[in-house]
Amino acid sequence: MAIGLVLASTLLAATFGVATTIPEHILFRQRTLFNLLELDSLSAVQPLDYETHDGLTIRAWYLPAVPGKPTIVYFAGREGDLVRKPRHLYELAENGYGLLLAGYRGYGGNPGRPREGNMYRDAAAMLDQAEQAGLARDGFVLYGYSMGSGIATNAAAQIQPRALILEAPMTSFPEAGRQQVARVPNWVVRTKFDNVARLAELKVPVLIVAGEQDPVTPARFATMLASVNDQFATAVIVPAANHVNIIRLGGRQAVASFMEQFDESGILASLSALGEQANDIADSLLPAADD
């Protein structure tokens, strides 16, 4: 009987261990394992290697901002696509905004295995080291897509950046999981990505862009997130859009318009031009030093 109890306990523990990893396996199984950007010789992005709390070196990528424009920090979805999905952010970078593409552990040739807590700590380390390196002199605007919304929102609650943009965000990972498997109990899911709790702590402008026909993270997630911080958050629901074409069907314009409020480069250029004009006027009125 004792042996039977031991075997039963071992089987139960093994079953519980497997059950609690199934949602995470689904979440991370489609991740990009090789570094796409290393294959793109035409890309102007530069590598940024940062150190994690547990001694790993993770590679991220960046494009520097022009003076007066903030740096957009992109946290990818579960596939870790840093090339195709954020194409609209490359367009903004062409207009002078900085762009920092967050590298995840276990993705893109980076060491380690993705876990929620470590991904939070990695994001904090990346932002801190990027700031110390002077890569965001005009501040950060954090941007999270799908799974990346959980990392971006948590990071925003820690550092209070200039703004936060969420595309196709989840309210939480357990709630998103129930969209696919309706009866998944919360105790089975170790990963939380609790955006509702974190978003309520923010005191910076927040743009939430969602697809009206998104079956993965429905539009009601966006409206719910906006409602928990109605002083700072705005939800834009893109008609007919699903989980992957929000930007193409109207989200691009919403993001670009939102970013305009943080563009100080035009003001700086105007002040510089006024300064040069004032110098020219002064030179014309004052006698030359040799007279």
# chains A, B, ... in the order shown; residues from 1 in each chain; ligands from 1
$ residues_around --residues "stretch 134-139 of chain A" --least-positions-apart "4" --cutoff "9 Å" --atoms "only C-alpha atoms" --output "PDB file with C-alpha atoms, in the first residue's frame"
ATOM      1  CA  TYR A  62      18.358  49.810 -32.058  1.00  0.00           C
ATOM      2  CA  LEU A  63      18.231  52.798 -34.366  1.00  0.00           C
ATOM      3  CA  PRO A  64      19.262  56.113 -32.754  1.00  0.00           C
ATOM      4  CA  ALA A  65      16.816  59.003 -32.503  1.00  0.00           C
ATOM      5  CA  PRO A  67      17.458  65.234 -31.067  1.00  0.00           C
ATOM      6  CA  GLY A  68      13.951  66.086 -29.892  1.00  0.00           C
ATOM      7  CA  LYS A  69      12.370  62.715 -30.666  1.00  0.00           C
ATOM      8  CA  PRO A  70      11.851  59.852 -28.203  1.00  0.00           C
ATOM      9  CA  THR A  71      12.891  56.249 -28.655  1.00  0.00           C
ATOM     10  CA  ILE A  72      10.169  53.689 -29.278  1.00  0.00           C
ATOM     11  CA  GLY A  98      14.574  56.139 -32.151  1.00  0.00           C
ATOM     12  CA  LEU A 100      14.826  49.813 -29.712  1.00  0.00           C
ATOM     13  CA  GLN A 129      21.533  49.967 -19.817  1.00  0.00           C
ATOM     14  CA  ALA A 130      20.161  51.709 -22.916  1.00  0.00           C
ATOM     15  CA  PRO A 161       7.970  56.390 -19.584  1.00  0.00           C
ATOM     16  CA  ARG A 162       6.760  59.241 -21.766  1.00  0.00           C
ATOM     17  CA  GLU A 264      10.025  68.123 -30.150  1.00  0.00           C
TER      18      GLU A 264
END
$ residues_around --residues "stretch 116-123 of chain A" --least-positions-apart "6" --cutoff "7 Å" --atoms "only C-alpha atoms" --output "list of chain:residue names"
A:Thr52, A:Tyr104, A:Ile151, A:Asn154, A:Ala155, A:Thr191
$ select_by_dssp --residues "stretch 189-264 of chain A" --states "strand (DSSP E or B)" --output "number ranges by chain"
A: 206-211, 233-238
$ write_last_selection --atoms "N, CA and C atoms" --output "compact mmCIF listing (two decimals), in the first residue's frame"
# COMPACT_ATOMS: atom_id res chain seq x y z
N VAL A 206 -1.57 56.69 -22.75
CA VAL A 206 -1.61 55.30 -23.19
C VAL A 206 -2.54 55.19 -24.40
N LEU A 207 -2.03 54.63 -25.48
CA LEU A 207 -2.84 54.34 -26.66
C LEU A 207 -3.01 52.83 -26.77
N ILE A 208 -4.25 52.38 -26.89
CA ILE A 208 -4.54 50.95 -27.03
C ILE A 208 -5.24 50.75 -28.36
N VAL A 209 -4.61 49.97 -29.25
CA VAL A 209 -5.15 49.74 -30.59
C VAL A 209 -5.53 48.27 -30.71
N ALA A 210 -6.77 48.01 -31.13
CA ALA A 210 -7.26 46.63 -31.20
C ALA A 210 -8.07 46.41 -32.46
N GLY A 211 -8.20 45.15 -32.84
CA GLY A 211 -8.97 44.78 -34.02
C GLY A 211 -10.39 44.39 -33.65
N ALA A 233 -5.73 56.64 -20.60
CA ALA A 233 -5.77 55.64 -21.67
C ALA A 233 -6.90 55.89 -22.65
N THR A 234 -6.60 55.64 -23.93
CA THR A 234 -7.58 55.75 -25.01
C THR A 234 -7.52 54.48 -25.85
N ALA A 235 -8.68 53.91 -26.15
CA ALA A 235 -8.76 52.72 -26.99
C ALA A 235 -9.25 53.10 -28.39
N VAL A 236 -8.56 52.58 -29.40
CA VAL A 236 -8.96 52.76 -30.79
C VAL A 236 -9.25 51.37 -31.36
N ILE A 237 -10.48 51.14 -31.74
CA ILE A 237 -10.88 49.84 -32.29
C ILE A 237 -10.92 49.97 -33.81
N VAL A 238 -10.12 49.17 -34.49
CA VAL A 238 -10.00 49.25 -35.95
C VAL A 238 -11.03 48.32 -36.59
$ closest_residue --among "A:Asp230, A:Asp214, A:Glu131, A:Glu175" --to "A:Asn242" --atoms "only C-alpha atoms"
A:Asp214
$ closest_residue --among "A:Leu56, A:Ser257, A:Gln160, A:Val216" --to "A:Val204" --atoms "only C-alpha atoms"
A:Gln160
$ atom_distance --atom1 "atom CA of A:Arg59" --atom2 "atom CA of A:Ala163"
24.0 Å
$ atom_distance --atom1 "atom CA of A:Gly96" --atom2 "atom CA of A:Val66"
5.2 Å
$ residues_around --residues "A:Asp81" --least-positions-apart "3" --cutoff "9 Å" --atoms "only C-alpha atoms" --output "list of chain:residue names"
A:Arg31, A:Thr32, A:Leu36, A:Ala76, A:Gly77, A:Arg78, A:Arg84, A:Lys85, A:Pro86, A:Gly108
$ closest_residue --among "A:His243, A:Gly144, A:Ala124, A:Phe173" --to "A:Leu82" --atoms "only C-alpha atoms"
A:Gly144
$ closest_residue --among "A:Gly80, A:Gly106, A:Pro215, A:Pro111" --to "A:Thr57" --atoms "only C-alpha atoms"
A:Pro111
$ closest_residue --among "A:Ala222, A:Gly55, A:Tyr90, A:Gln213" --to "A:Leu249" --atoms "only C-alpha atoms"
A:Gln213
$ select_by_dssp --residues "stretch 29-243 of chain A" --states "alpha helix (DSSP H)" --output "PyMOL selection string"
chain A and resi 87-94+116-132+147-159+173-180+195-199+219-227
$ closest_residue --among "A:Glu51, A:Thr217, A:Arg115, A:Gln261" --to "A:Leu166" --atoms "only C-alpha atoms"
A:Thr217
